[in-house]
file upload_18.cif (mmCIF, C-alpha atoms and all ligand atoms)
data_structure
loop_
_atom_site.label_atom_id
_atom_site.label_comp_id
_atom_site.auth_asym_id
_atom_site.auth_seq_id
_atom_site.Cartn_x
_atom_site.Cartn_y
_atom_site.Cartn_z
CA MET A 1 70.96 -61.69 -13.95
CA SER A 2 68.61 -58.70 -14.32
CA GLN A 3 69.85 -55.44 -15.77
CA ALA A 4 69.22 -53.80 -12.38
CA ASN A 5 71.42 -56.38 -10.66
CA ILE A 6 74.24 -56.06 -13.17
CA ILE A 7 74.21 -52.29 -12.74
CA ARG A 8 74.00 -52.46 -8.95
CA GLN A 9 76.99 -54.77 -8.83
CA LYS A 10 79.05 -52.52 -11.09
CA ALA A 11 78.15 -49.40 -9.10
CA HIS A 12 79.22 -51.28 -5.97
CA LEU A 13 82.46 -52.44 -7.56
CA TYR A 14 83.29 -48.82 -8.48
CA ARG A 15 82.14 -47.15 -5.26
CA HIS A 16 85.68 -46.29 -4.14
CA ASP A 17 86.53 -44.93 -7.58
CA THR A 18 83.40 -42.75 -7.40
CA ALA A 19 84.49 -41.48 -3.98
CA GLN A 20 87.96 -40.85 -5.38
CA TYR A 21 86.55 -38.86 -8.34
CA LEU A 22 84.73 -36.67 -5.86
CA SER A 23 87.77 -36.27 -3.63
CA GLU A 24 89.86 -35.13 -6.59
CA MET A 25 87.24 -32.56 -7.60
CA VAL A 26 86.92 -31.18 -4.05
CA LYS A 27 90.69 -30.59 -3.91
CA ILE A 28 90.36 -28.07 -6.75
CA PRO A 29 88.52 -24.93 -5.54
CA SER A 30 85.91 -24.00 -8.13
CA VAL A 31 83.75 -21.02 -7.29
CA SER A 32 81.58 -19.70 -10.13
CA CYS A 33 83.54 -18.33 -13.12
CA GLN A 34 86.73 -20.03 -11.86
CA GLU A 35 85.93 -23.65 -12.71
CA LYS A 36 88.70 -24.23 -15.28
CA GLY A 37 90.76 -26.60 -13.11
CA VAL A 38 87.86 -28.78 -12.04
CA VAL A 39 86.39 -28.94 -15.56
CA GLN A 40 89.71 -30.17 -16.92
CA LYS A 41 89.93 -32.73 -14.11
CA ILE A 42 86.42 -34.02 -14.92
CA LYS A 43 87.31 -34.38 -18.61
CA GLU A 44 90.43 -36.31 -17.67
CA LEU A 45 88.49 -38.58 -15.24
CA LEU A 46 85.84 -39.33 -17.90
CA GLU A 47 88.52 -40.22 -20.44
CA LEU A 48 90.36 -42.41 -17.93
CA ALA A 49 87.02 -44.14 -17.23
CA GLY A 50 86.84 -45.07 -20.91
CA VAL A 51 84.19 -42.57 -22.02
CA LYS A 52 85.03 -41.63 -25.61
CA ASP A 53 82.92 -38.66 -26.58
CA VAL A 54 83.99 -35.87 -24.18
CA TRP A 55 84.41 -32.17 -24.93
CA ILE A 56 84.38 -28.70 -23.38
CA ASP A 57 82.08 -26.11 -24.99
CA ARG A 58 82.76 -22.41 -25.54
CA LEU A 59 81.16 -21.35 -22.24
CA GLY A 60 83.31 -23.89 -20.37
CA ASN A 61 80.83 -26.73 -19.67
CA CYS A 62 82.21 -30.28 -19.97
CA ILE A 63 79.91 -32.62 -21.89
CA ALA A 64 80.14 -36.41 -22.30
CA ARG A 65 77.89 -38.39 -24.59
CA VAL A 66 77.13 -42.10 -24.43
CA GLY A 67 74.82 -43.81 -26.93
CA ARG A 68 73.58 -42.68 -30.32
CA GLY A 69 69.81 -42.77 -29.90
CA SER A 70 67.64 -40.18 -31.63
CA LYS A 71 66.24 -38.74 -28.37
CA ILE A 72 68.27 -36.82 -25.85
CA LEU A 73 68.45 -37.47 -22.12
CA ALA A 74 70.53 -34.88 -20.26
CA ILE A 75 71.89 -35.69 -16.81
CA ASP A 76 73.15 -32.45 -15.31
CA ALA A 77 75.47 -31.47 -12.46
CA HIS A 78 76.73 -27.94 -11.86
CA ILE A 79 80.35 -28.21 -10.82
CA ASP A 80 80.91 -24.73 -9.42
CA THR A 81 80.62 -24.32 -5.66
CA VAL A 82 80.10 -21.47 -3.25
CA ASP A 83 83.02 -20.17 -1.21
CA THR A 84 83.97 -21.59 2.19
CA GLY A 85 82.51 -18.92 4.48
CA ASP A 86 84.09 -18.58 7.93
CA LEU A 87 86.95 -21.08 8.03
CA SER A 88 86.84 -21.31 11.83
CA ALA A 89 83.38 -22.95 11.50
CA TRP A 90 84.93 -25.95 9.68
CA ASP A 91 86.18 -28.96 11.68
CA PHE A 92 88.45 -29.97 8.77
CA PRO A 93 89.96 -28.08 5.81
CA PRO A 94 87.22 -27.50 3.18
CA PHE A 95 89.42 -28.56 0.25
CA SER A 96 90.92 -31.71 1.83
CA GLY A 97 88.58 -34.09 -0.02
CA SER A 98 89.41 -36.53 2.77
CA ILE A 99 87.65 -39.90 2.84
CA HIS A 100 87.08 -41.67 6.13
CA SER A 101 84.35 -43.85 7.64
CA ASP A 102 82.73 -44.14 4.19
CA VAL A 103 82.16 -40.39 3.95
CA VAL A 104 83.76 -37.84 1.60
CA HIS A 105 84.41 -34.44 3.19
CA GLY A 106 84.71 -30.95 1.82
CA ARG A 107 83.18 -27.98 0.00
CA GLY A 108 81.14 -29.15 -2.97
CA THR A 109 80.62 -32.77 -1.86
CA VAL A 110 76.84 -32.24 -1.50
CA ASP A 111 76.33 -29.13 -3.66
CA GLN A 112 77.02 -30.74 -5.95
CA GLU A 113 80.17 -32.41 -7.15
CA GLY A 114 78.87 -35.61 -5.54
CA GLY A 115 76.23 -35.82 -8.27
CA ALA A 116 78.97 -35.17 -10.83
CA ALA A 117 81.12 -38.01 -9.43
CA SER A 118 78.16 -40.43 -9.64
CA MET A 119 77.59 -39.29 -13.23
CA ILE A 120 81.17 -40.16 -14.20
CA THR A 121 80.63 -43.68 -12.86
CA ALA A 122 77.28 -43.94 -14.68
CA ALA A 123 78.94 -42.87 -17.95
CA ARG A 124 81.64 -45.47 -17.32
CA ILE A 125 79.11 -48.28 -16.73
CA LEU A 126 76.96 -47.32 -19.74
CA THR A 127 80.12 -47.32 -21.88
CA GLU A 128 81.15 -50.75 -20.56
CA LEU A 129 77.66 -52.11 -21.21
CA ALA A 130 77.81 -50.58 -24.72
CA TYR A 131 74.48 -48.82 -24.14
CA ASP A 132 72.68 -48.40 -27.45
CA GLY A 133 69.09 -47.61 -26.46
CA GLU A 134 66.64 -45.03 -27.75
CA TYR A 135 68.47 -42.13 -26.13
CA SER A 136 71.74 -40.32 -26.51
CA VAL A 137 72.73 -39.74 -22.91
CA TYR A 138 74.43 -36.38 -22.41
CA PHE A 139 76.22 -36.01 -19.09
CA THR A 140 76.57 -32.26 -18.61
CA PHE A 141 79.03 -30.84 -16.07
CA THR A 142 77.96 -27.23 -16.09
CA VAL A 143 79.38 -23.93 -14.85
CA MET A 144 78.18 -20.75 -13.06
CA GLU A 145 75.03 -22.17 -11.44
CA GLU A 146 75.71 -20.71 -8.00
CA ASP A 147 75.92 -17.23 -9.52
CA CYS A 148 73.16 -17.52 -12.10
CA ASP A 149 71.06 -20.71 -12.11
CA GLY A 150 70.15 -21.91 -15.58
CA LEU A 151 72.55 -19.64 -17.49
CA CYS A 152 74.62 -22.65 -18.59
CA TRP A 153 71.49 -24.24 -20.07
CA GLU A 154 70.35 -21.06 -21.79
CA TYR A 155 73.76 -21.19 -23.43
CA LEU A 156 73.63 -24.92 -24.25
CA ILE A 157 70.11 -24.71 -25.70
CA ASN A 158 70.36 -21.39 -27.56
CA LYS A 159 74.01 -21.37 -28.64
CA GLU A 160 75.17 -25.00 -28.73
CA LYS A 161 71.73 -26.23 -29.89
CA LEU A 162 71.75 -29.05 -27.34
CA VAL A 163 68.01 -29.44 -26.68
CA PRO A 164 67.20 -32.40 -24.42
CA ASP A 165 63.86 -34.23 -24.59
CA ILE A 166 64.07 -34.90 -20.85
CA ALA A 167 66.54 -34.11 -18.07
CA VAL A 168 67.69 -35.25 -14.66
CA ILE A 169 69.13 -32.71 -12.25
CA THR A 170 71.60 -34.25 -9.83
CA GLU A 171 71.50 -31.60 -7.08
CA PRO A 172 71.14 -33.16 -3.61
CA THR A 173 67.77 -34.81 -2.95
CA ASN A 174 68.89 -37.27 -0.25
CA LEU A 175 68.08 -39.90 -2.92
CA GLY A 176 64.45 -38.80 -3.25
CA ILE A 177 62.84 -38.00 -6.60
CA TYR A 178 62.05 -34.30 -6.91
CA ARG A 179 59.67 -32.77 -9.41
CA GLY A 180 59.92 -29.00 -9.04
CA HIS A 181 60.77 -25.96 -7.01
CA ARG A 182 59.77 -22.33 -6.67
CA GLY A 183 61.19 -19.85 -9.13
CA ARG A 184 62.91 -16.67 -8.16
CA MET A 185 63.85 -13.24 -9.38
CA GLU A 186 65.88 -10.31 -8.22
CA MET A 187 64.72 -6.73 -8.42
CA GLU A 188 66.36 -3.45 -7.72
CA LEU A 189 64.49 -0.36 -6.55
CA ILE A 190 66.13 2.95 -7.35
CA PHE A 191 65.04 5.92 -5.24
CA LYS A 192 65.81 9.51 -6.18
CA GLY A 193 65.57 12.25 -3.57
CA LEU A 194 66.90 15.76 -3.14
CA SER A 195 70.02 16.54 -1.16
CA ALA A 196 70.17 19.48 1.21
CA HIS A 197 72.29 20.54 4.15
CA GLY A 198 71.87 18.18 7.11
CA SER A 199 71.13 21.22 9.28
CA ALA A 200 67.99 21.96 7.23
CA PRO A 201 66.41 18.60 6.32
CA GLU A 202 63.10 20.21 5.36
CA ARG A 203 64.75 21.61 2.22
CA GLY A 204 65.55 18.13 0.88
CA LYS A 205 63.82 14.84 0.15
CA ASN A 206 65.43 12.09 2.20
CA VAL A 207 65.51 8.77 0.31
CA ILE A 208 66.14 6.81 3.52
CA TYR A 209 62.64 7.68 4.70
CA SER A 210 61.11 6.87 1.29
CA ALA A 211 62.95 3.54 1.17
CA ALA A 212 62.00 2.70 4.76
CA ARG A 213 58.29 3.25 3.99
CA ILE A 214 58.51 0.99 0.94
CA ALA A 215 60.47 -1.62 2.93
CA LEU A 216 57.65 -1.83 5.48
CA GLU A 217 55.09 -2.24 2.68
CA ILE A 218 57.22 -5.05 1.25
CA GLU A 219 57.23 -6.75 4.65
CA LYS A 220 53.40 -6.63 4.62
CA LEU A 221 53.22 -7.88 1.03
CA ASN A 222 55.19 -10.97 2.05
CA ASP A 223 52.38 -12.02 4.39
CA VAL A 224 49.74 -12.05 1.66
CA LEU A 225 51.62 -13.72 -1.21
CA PRO A 226 49.96 -16.85 -2.63
CA SER A 227 50.83 -20.41 -1.74
CA ASP A 228 50.84 -23.68 -3.67
CA SER A 229 50.08 -26.96 -1.92
CA PHE A 230 53.19 -28.60 -3.39
CA LEU A 231 55.72 -25.79 -3.89
CA GLY A 232 54.82 -23.67 -0.88
CA LYS A 233 54.46 -19.93 -0.54
CA GLY A 234 55.82 -17.08 -2.64
CA THR A 235 58.06 -14.77 -0.61
CA ILE A 236 59.59 -11.33 -0.89
CA ALA A 237 62.45 -9.88 1.13
CA ALA A 238 64.49 -6.69 1.01
CA THR A 239 68.10 -7.87 1.19
CA LEU A 240 70.22 -4.74 0.77
CA LEU A 241 69.87 -1.00 1.12
CA HIS A 242 72.58 1.26 -0.19
CA THR A 243 72.29 5.04 0.07
CA LYS A 244 74.33 7.96 -1.18
CA ALA A 245 74.63 11.49 0.13
CA PRO A 246 77.04 14.32 -0.69
CA SER A 247 78.41 13.97 2.88
CA LEU A 248 77.51 12.47 6.22
CA CYS A 249 76.06 15.87 7.07
CA ALA A 250 73.75 16.02 4.05
CA ILE A 251 70.38 14.60 3.11
CA PRO A 252 70.85 11.43 1.00
CA ASP A 253 69.48 11.74 -2.51
CA MET A 254 70.01 8.27 -3.96
CA ALA A 255 69.15 4.77 -2.70
CA HIS A 256 69.21 1.25 -4.13
CA MET A 257 67.22 -1.50 -2.49
CA HIS A 258 67.79 -5.11 -3.53
CA ILE A 259 64.84 -7.50 -3.45
CA ASP A 260 64.85 -11.31 -3.32
CA ARG A 261 61.56 -12.69 -4.62
CA ARG A 262 60.62 -16.42 -4.59
CA LEU A 263 57.82 -17.27 -6.98
CA THR A 264 55.34 -20.05 -6.37
CA TRP A 265 53.09 -21.74 -8.92
CA GLY A 266 51.08 -19.15 -10.88
CA GLU A 267 53.48 -16.28 -10.17
CA ASN A 268 55.83 -14.88 -12.78
CA LYS A 269 57.96 -11.88 -13.63
CA GLU A 270 55.03 -9.77 -14.81
CA SER A 271 52.85 -10.45 -11.76
CA ALA A 272 55.72 -9.80 -9.33
CA LEU A 273 56.65 -6.53 -11.05
CA ALA A 274 53.03 -5.33 -11.10
CA GLU A 275 52.63 -5.91 -7.34
CA LEU A 276 55.75 -3.99 -6.53
CA GLN A 277 54.77 -1.21 -8.93
CA LYS A 278 51.54 -0.82 -6.99
CA ILE A 279 53.47 -0.26 -3.76
CA CYS A 280 56.14 1.98 -5.23
CA LYS A 281 53.93 4.23 -7.38
CA ASP A 282 55.87 6.44 -9.80
CA ASP A 283 58.65 7.82 -7.60
CA VAL A 284 60.69 4.61 -7.66
CA LYS A 285 62.31 2.92 -10.65
CA ILE A 286 62.21 -0.89 -10.65
CA ASP A 287 64.87 -2.87 -12.54
CA ILE A 288 65.56 -6.55 -13.00
CA PRO A 289 69.36 -6.85 -12.86
CA VAL A 290 71.23 -8.60 -15.67
CA TYR A 291 73.96 -11.14 -14.94
CA ASP A 292 76.84 -10.61 -17.34
CA ASN A 293 79.99 -11.90 -15.66
CA PRO A 294 82.35 -13.64 -18.09
CA SER A 295 82.80 -17.41 -17.74
CA TYR A 296 86.31 -18.74 -17.04
CA LYS A 297 86.70 -18.92 -20.81
CA GLY A 298 85.88 -15.22 -21.12
CA THR A 299 82.47 -15.87 -22.70
CA VAL A 300 79.75 -13.40 -21.74
CA TYR A 301 76.13 -14.56 -22.07
CA PRO A 302 73.94 -11.91 -20.42
CA LEU A 303 70.84 -13.15 -18.61
CA GLU A 304 68.11 -11.28 -16.78
CA LYS A 305 67.94 -12.47 -13.17
CA TYR A 306 64.53 -14.08 -13.55
CA PHE A 307 64.36 -17.81 -12.90
CA PRO A 308 60.90 -19.24 -13.63
CA THR A 309 59.01 -21.61 -11.35
CA TRP A 310 58.65 -25.20 -12.53
CA LYS A 311 57.00 -28.46 -11.56
CA ILE A 312 55.79 -31.56 -13.34
CA PRO A 313 52.82 -33.64 -12.17
CA GLU A 314 53.27 -36.58 -9.82
CA ASP A 315 51.86 -38.90 -12.51
CA HIS A 316 54.13 -37.54 -15.28
CA PRO A 317 55.78 -40.41 -17.24
CA LEU A 318 59.25 -39.19 -16.22
CA VAL A 319 58.38 -39.29 -12.51
CA LYS A 320 56.92 -42.77 -13.08
CA VAL A 321 60.09 -43.99 -14.82
CA GLY A 322 62.14 -42.54 -11.99
CA GLU A 323 60.02 -44.44 -9.46
CA LYS A 324 60.28 -47.68 -11.42
CA THR A 325 64.07 -47.30 -11.74
CA TYR A 326 64.39 -46.71 -8.00
CA GLU A 327 62.16 -49.67 -7.12
CA HIS A 328 64.04 -52.04 -9.44
CA LEU A 329 67.33 -51.05 -7.86
CA PHE A 330 66.45 -50.71 -4.20
CA GLN A 331 63.19 -52.72 -3.73
CA GLU A 332 61.34 -49.86 -2.08
CA LYS A 333 59.29 -46.82 -3.05
CA PRO A 334 61.17 -43.51 -3.39
CA ARG A 335 60.20 -40.32 -1.62
CA ILE A 336 58.70 -37.80 -4.07
CA ASP A 337 59.31 -34.20 -3.10
CA LYS A 338 60.62 -30.77 -4.17
CA TRP A 339 63.66 -28.60 -3.57
CA THR A 340 63.61 -25.60 -1.26
CA PHE A 341 66.33 -23.94 -3.34
CA SER A 342 66.65 -23.21 -7.04
CA THR A 343 68.45 -25.32 -9.68
CA ASN A 344 69.23 -25.39 -13.41
CA GLY A 345 65.63 -26.64 -13.78
CA VAL A 346 64.63 -22.95 -14.04
CA SER A 347 66.01 -22.99 -17.56
CA LEU A 348 65.36 -26.57 -18.66
CA CYS A 349 61.77 -26.84 -17.43
CA GLY A 350 60.97 -23.26 -16.33
CA ARG A 351 61.91 -21.48 -19.57
CA HIS A 352 61.92 -24.33 -22.10
CA GLY A 353 59.27 -26.73 -20.80
CA ILE A 354 61.62 -29.74 -20.91
CA PRO A 355 60.38 -32.30 -18.35
CA CYS A 356 62.86 -32.66 -15.47
CA ILE A 357 63.23 -34.73 -12.37
CA GLY A 358 65.78 -34.35 -9.62
CA PHE A 359 67.70 -37.22 -8.10
CA GLY A 360 70.93 -36.60 -6.26
CA PRO A 361 73.22 -37.90 -3.52
CA GLY A 362 73.67 -35.96 -0.30
CA ASN A 363 71.49 -34.08 2.15
CA GLU A 364 70.71 -30.49 1.20
CA ILE A 365 71.13 -29.32 4.80
CA TYR A 366 74.89 -29.39 4.13
CA ALA A 367 74.62 -27.23 0.99
CA HIS A 368 76.44 -23.90 1.47
CA ALA A 369 77.16 -24.89 5.08
CA PRO A 370 80.43 -25.64 6.88
CA ASN A 371 81.51 -29.28 7.32
CA GLU A 372 79.86 -30.35 4.07
CA LYS A 373 80.07 -34.15 3.63
CA ILE A 374 78.44 -37.02 1.76
CA PRO A 375 78.12 -40.78 2.37
CA ILE A 376 79.75 -42.98 -0.28
CA GLU A 377 76.61 -45.12 -0.19
CA HIS A 378 74.69 -42.20 -1.70
CA LEU A 379 77.26 -41.82 -4.48
CA GLU A 380 77.02 -45.52 -5.31
CA LYS A 381 73.21 -45.51 -5.37
CA ALA A 382 73.01 -42.37 -7.53
CA ALA A 383 75.48 -43.86 -10.04
CA ALA A 384 73.28 -46.99 -10.30
CA PHE A 385 70.14 -44.85 -10.71
CA TYR A 386 71.52 -42.71 -13.57
CA THR A 387 72.73 -45.83 -15.38
CA LEU A 388 69.53 -47.88 -15.08
CA LEU A 389 67.33 -44.88 -15.94
CA ALA A 390 68.72 -44.86 -19.49
CA TYR A 391 67.41 -48.44 -19.92
CA GLU A 392 64.09 -47.90 -18.20
CA LEU A 393 63.03 -44.92 -20.33
ZN ZN B 401 73.63 -26.54 -6.23
#

call {"tool": "encode", "arguments": {"input": "upload_18.cif", "output": "C-alpha cells"}}
result
Amino acid sequence: MSQANIIRQKAHLYRHDTAQYLSEMVKIPSVSCQEKGVVQKIKELLELAGVKDVWIDRLGNCIARVGRGSKILAIDAHIDTVDTGDLSAWDFPPFSGSIHSDVVHGRGTVDQEGGAASMITAARILTELAYDGEYSVYFTFTVMEEDCDGLCWEYLINKEKLVPDIAVITEPTNLGIYRGHRGRMEMELIFKGLSAHGSAPERGKNVIYSAARIALEIEKLNDVLPSDSFLGKGTIAATLLHTKAPSLCAIPDMAHMHIDRRLTWGENKESALAELQKICKDDVKIDIPVYDNPSYKGTVYPLEKYFPTWKIPEDHPLVKVGEKTYEHLFQEKPRIDKWTFSTNGVSLCGRHGIPCIGFGPGNEIYAHAPNEKIPIEHLEKAAAFYTLLAYEL
C-alpha cells in the first residue's frame, strides 16, 4: 500500500478522535492571554495520543516534536480564540463543543482549534509510523494570535531559538493551499489643541475639527492606495476617535485617532508612515502602538503593532510539495489562494523570511462569527495532509 493510502486510512480511523479533541478544546474558553486551560488540555491529549516529546515554553505555547531530522518543519495553530460576541446571535451555546451530523460546533472550531485538533492526529500518526525523515516536525500550539499576530513566533524564534526552515499555518483555508496575505499595522494620531470656554470657541483650537479634516483626507487616501494582482489592495481606515475637553461646555484640546492599515505587496511601515505624515503635517504626532499584555504565564514580550506583508511565489518548492501532497491524498488539484485576514505568517515569513504555506480545515466565513462550525471531513483531510507532507518534503 502507498504511504498516502496508509496515512489516509489512519486519518479516517481516527476521525472521531480528532473531532473529540476539538470538542474538548472548544469546551474550555480560551481568549488571548487566558489560554492556560486549553494549553494544558492539548498537552494531555498529545501525551494520551502517544506523542513523547511535548512541553510548554515560558510564554505558554505548547510544542510537540516528532522526528529527529536536521531540518525543522513547523506546523502551527494558534489556540486562542476571540470572544463570543452577542450570545443571542448563536443558535447553540458557543462552548458546547457538540458533535452532530458530522459537524463540530462552537467558538474556535474554525479559527482555529480545528487545525490544532488535526495536528494532534498528525503527530499521533507520525509517531505510530515512527517517522524518521529529514525533518524534525514541530507541532506548535501557540498563544495570543488574536491579540497580536506573530508575537508567539517572535518569542519562539528570538527567545526559544526555534527557527524553522519551513512552516505550515493551519488557519482555515477550506482545504486550499494559501501562499500569502496582506500585512497590517496600527497607528495612533495624537492631536493637541487649545481649550477655551465653549461660549467663546474662537479663543481655542478645537481638535475635533482638526481630526475631522484629517479623517476626510484619510478617506481619500484609501482610494488611491496601491494594489497587487494576488494580494489585493492596501487599505486605510480610521477606527476610533477619542477626544478630551475640560468639560462638555469647553473646547476639546486632546484627541486620539486609531488607524487600521492593511499593507499590500511593496508597502511597509516606512511607506505607510510617510504617507500619513504628508497628510498630517507637523501638528499631529503619529505613533505605532506597542502590544505588551502579559501572557497567561505572566511573560511580557513587547511588540510594535506592525505585521509585515508576505507571499511566496506560486512555483515555490513548498507550494509545489503542498500540491503534490494534496494530489497524492485526494486525486485532484488543490485550490491555490490567499487569506483575507492576517496570521502568524507575518512573523514567520513577513519578518524572518521563512517560507510558509497555509492549509487548514474550515471555512473562514465562520471565523469570528456566531454559529461557528466545522465538518469532521475537513479535520480528517487536514490530519492526513500534515502527516504526508513530512514524507513528501
Ligand atoms: Zn485565526

call {"tool": "closest_residue", "arguments": {"input": "upload_18.cif", "among": "A:Glu171, A:Glu24, A:Asp253, A:Glu364", "to": "Val104 in chain A", "atoms": "all atoms listed in the file"}}
result
A:Glu24

call {"tool": "closest_residue", "arguments": {"input": "upload_18.cif", "among": "A:Glu323, A:Val290, A:Leu273, A:Thr121", "to": "Tyr14 in chain A", "atoms": "all atoms listed in the file"}}
result
A:Thr121

call {"tool": "closest_atom_pairs", "arguments": {"input": "upload_18.cif", "of": "chain A", "to": "ligand ZN 401 (chain B)", "cutoff": "7 Å", "atoms": "all atoms listed in the file", "output": "Markdown table"}}
result
| residue | atom | partner | partner_atom | distance |
| --- | --- | --- | --- | --- |
| A:His78 | CA | B:ZN401 | ZN | 6.6 |
| A:Asp111 | CA | B:ZN401 | ZN | 4.5 |
| A:Gln112 | CA | B:ZN401 | ZN | 5.4 |
| A:Glu145 | CA | B:ZN401 | ZN | 6.9 |
| A:Glu146 | CA | B:ZN401 | ZN | 6.4 |
| A:Glu171 | CA | B:ZN401 | ZN | 5.6 |
| A:Thr343 | CA | B:ZN401 | ZN | 6.3 |

call {"tool": "closest_residue", "arguments": {"input": "upload_18.cif", "among": "A:Asn344, A:Ser70, A:Asn206, A:Ser96", "to": "Glu134 in chain A", "atoms": "all atoms listed in the file"}}
result
A:Ser70

call {"tool": "closest_residue", "arguments": {"input": "upload_18.cif", "among": "A:Val66, A:Ser118, A:Thr109, A:Leu151", "to": "Leu45 in chain A", "atoms": "all atoms listed in the file"}}
result
A:Ser118

call {"tool": "residues_around", "arguments": {"input": "upload_18.cif", "residues": "range 229-240 of chain A", "least_positions_apart": "3", "cutoff": "8 Å", "atoms": "only C-alpha atoms", "output": "tab-separated table (two decimals) with C-alpha atoms, in the frame of the given file"}}
result
chain	number	residue	atom	x	y	z
A	180	GLY	CA	59.92	-29.00	-9.04
A	181	HIS	CA	60.77	-25.96	-7.01
A	182	ARG	CA	59.77	-22.33	-6.67
A	215	ALA	CA	60.47	-1.62	2.93
A	218	ILE	CA	57.22	-5.05	1.25
A	219	GLU	CA	57.23	-6.75	4.65
A	221	LEU	CA	53.22	-7.88	1.03
A	222	ASN	CA	55.19	-10.97	2.05
A	225	LEU	CA	51.62	-13.72	-1.21
A	226	PRO	CA	49.96	-16.85	-2.63
A	256	HIS	CA	69.21	1.25	-4.13
A	257	MET	CA	67.22	-1.50	-2.49
A	258	HIS	CA	67.79	-5.11	-3.53
A	259	ILE	CA	64.84	-7.50	-3.45
A	260	ASP	CA	64.85	-11.31	-3.32
A	261	ARG	CA	61.56	-12.69	-4.62
A	262	ARG	CA	60.62	-16.42	-4.59
A	263	LEU	CA	57.82	-17.27	-6.98
A	264	THR	CA	55.34	-20.05	-6.37
A	265	TRP	CA	53.09	-21.74	-8.92
A	267	GLU	CA	53.48	-16.28	-10.17
A	338	LYS	CA	60.62	-30.77	-4.17

call {"tool": "residues_near_point", "arguments": {"input": "upload_18.cif", "point": "(76.3, -40.9, -26.8)", "cutoff": "8 Å", "atoms": "only C-alpha atoms", "output": "list in words"}}
result
Asp53, Ala64, Arg65, Val66, Gly67, Arg68, Gly69, Tyr135, Ser136, Val137 and Tyr138 of chain A

call {"tool": "residues_around", "arguments": {"input": "upload_18.cif", "residues": "Gln3 in chain A", "least_positions_apart": "3", "cutoff": "12 Å", "atoms": "all atoms listed in the file", "output": "PyMOL selection string"}}
result
chain A and resi 6-10+125-126+129+131+325+328-329+384-385+387-392

call {"tool": "atom_distance", "arguments": {"input": "upload_18.cif", "atom1": "CA of Lys324 in chain A", "atom2": "CA of Pro361 in chain A"}}
result
18.0 Å

call {"tool": "residues_around", "arguments": {"input": "upload_18.cif", "residues": "Asn61 in chain A", "least_positions_apart": "6", "cutoff": "6 Å", "atoms": "all atoms listed in the file", "output": "list in words"}}
result
Phe141, Thr142 and Val143 of chain A

call {"tool": "residues_around", "arguments": {"input": "upload_18.cif", "residues": "range 301-307 of chain A", "least_positions_apart": "5", "cutoff": "9 Å", "atoms": "all atoms listed in the file", "output": "PyMOL selection string"}}
result
chain A and resi 59+148-152+154-155+182-187+263+268-269+288-295+342+345-347+350-351
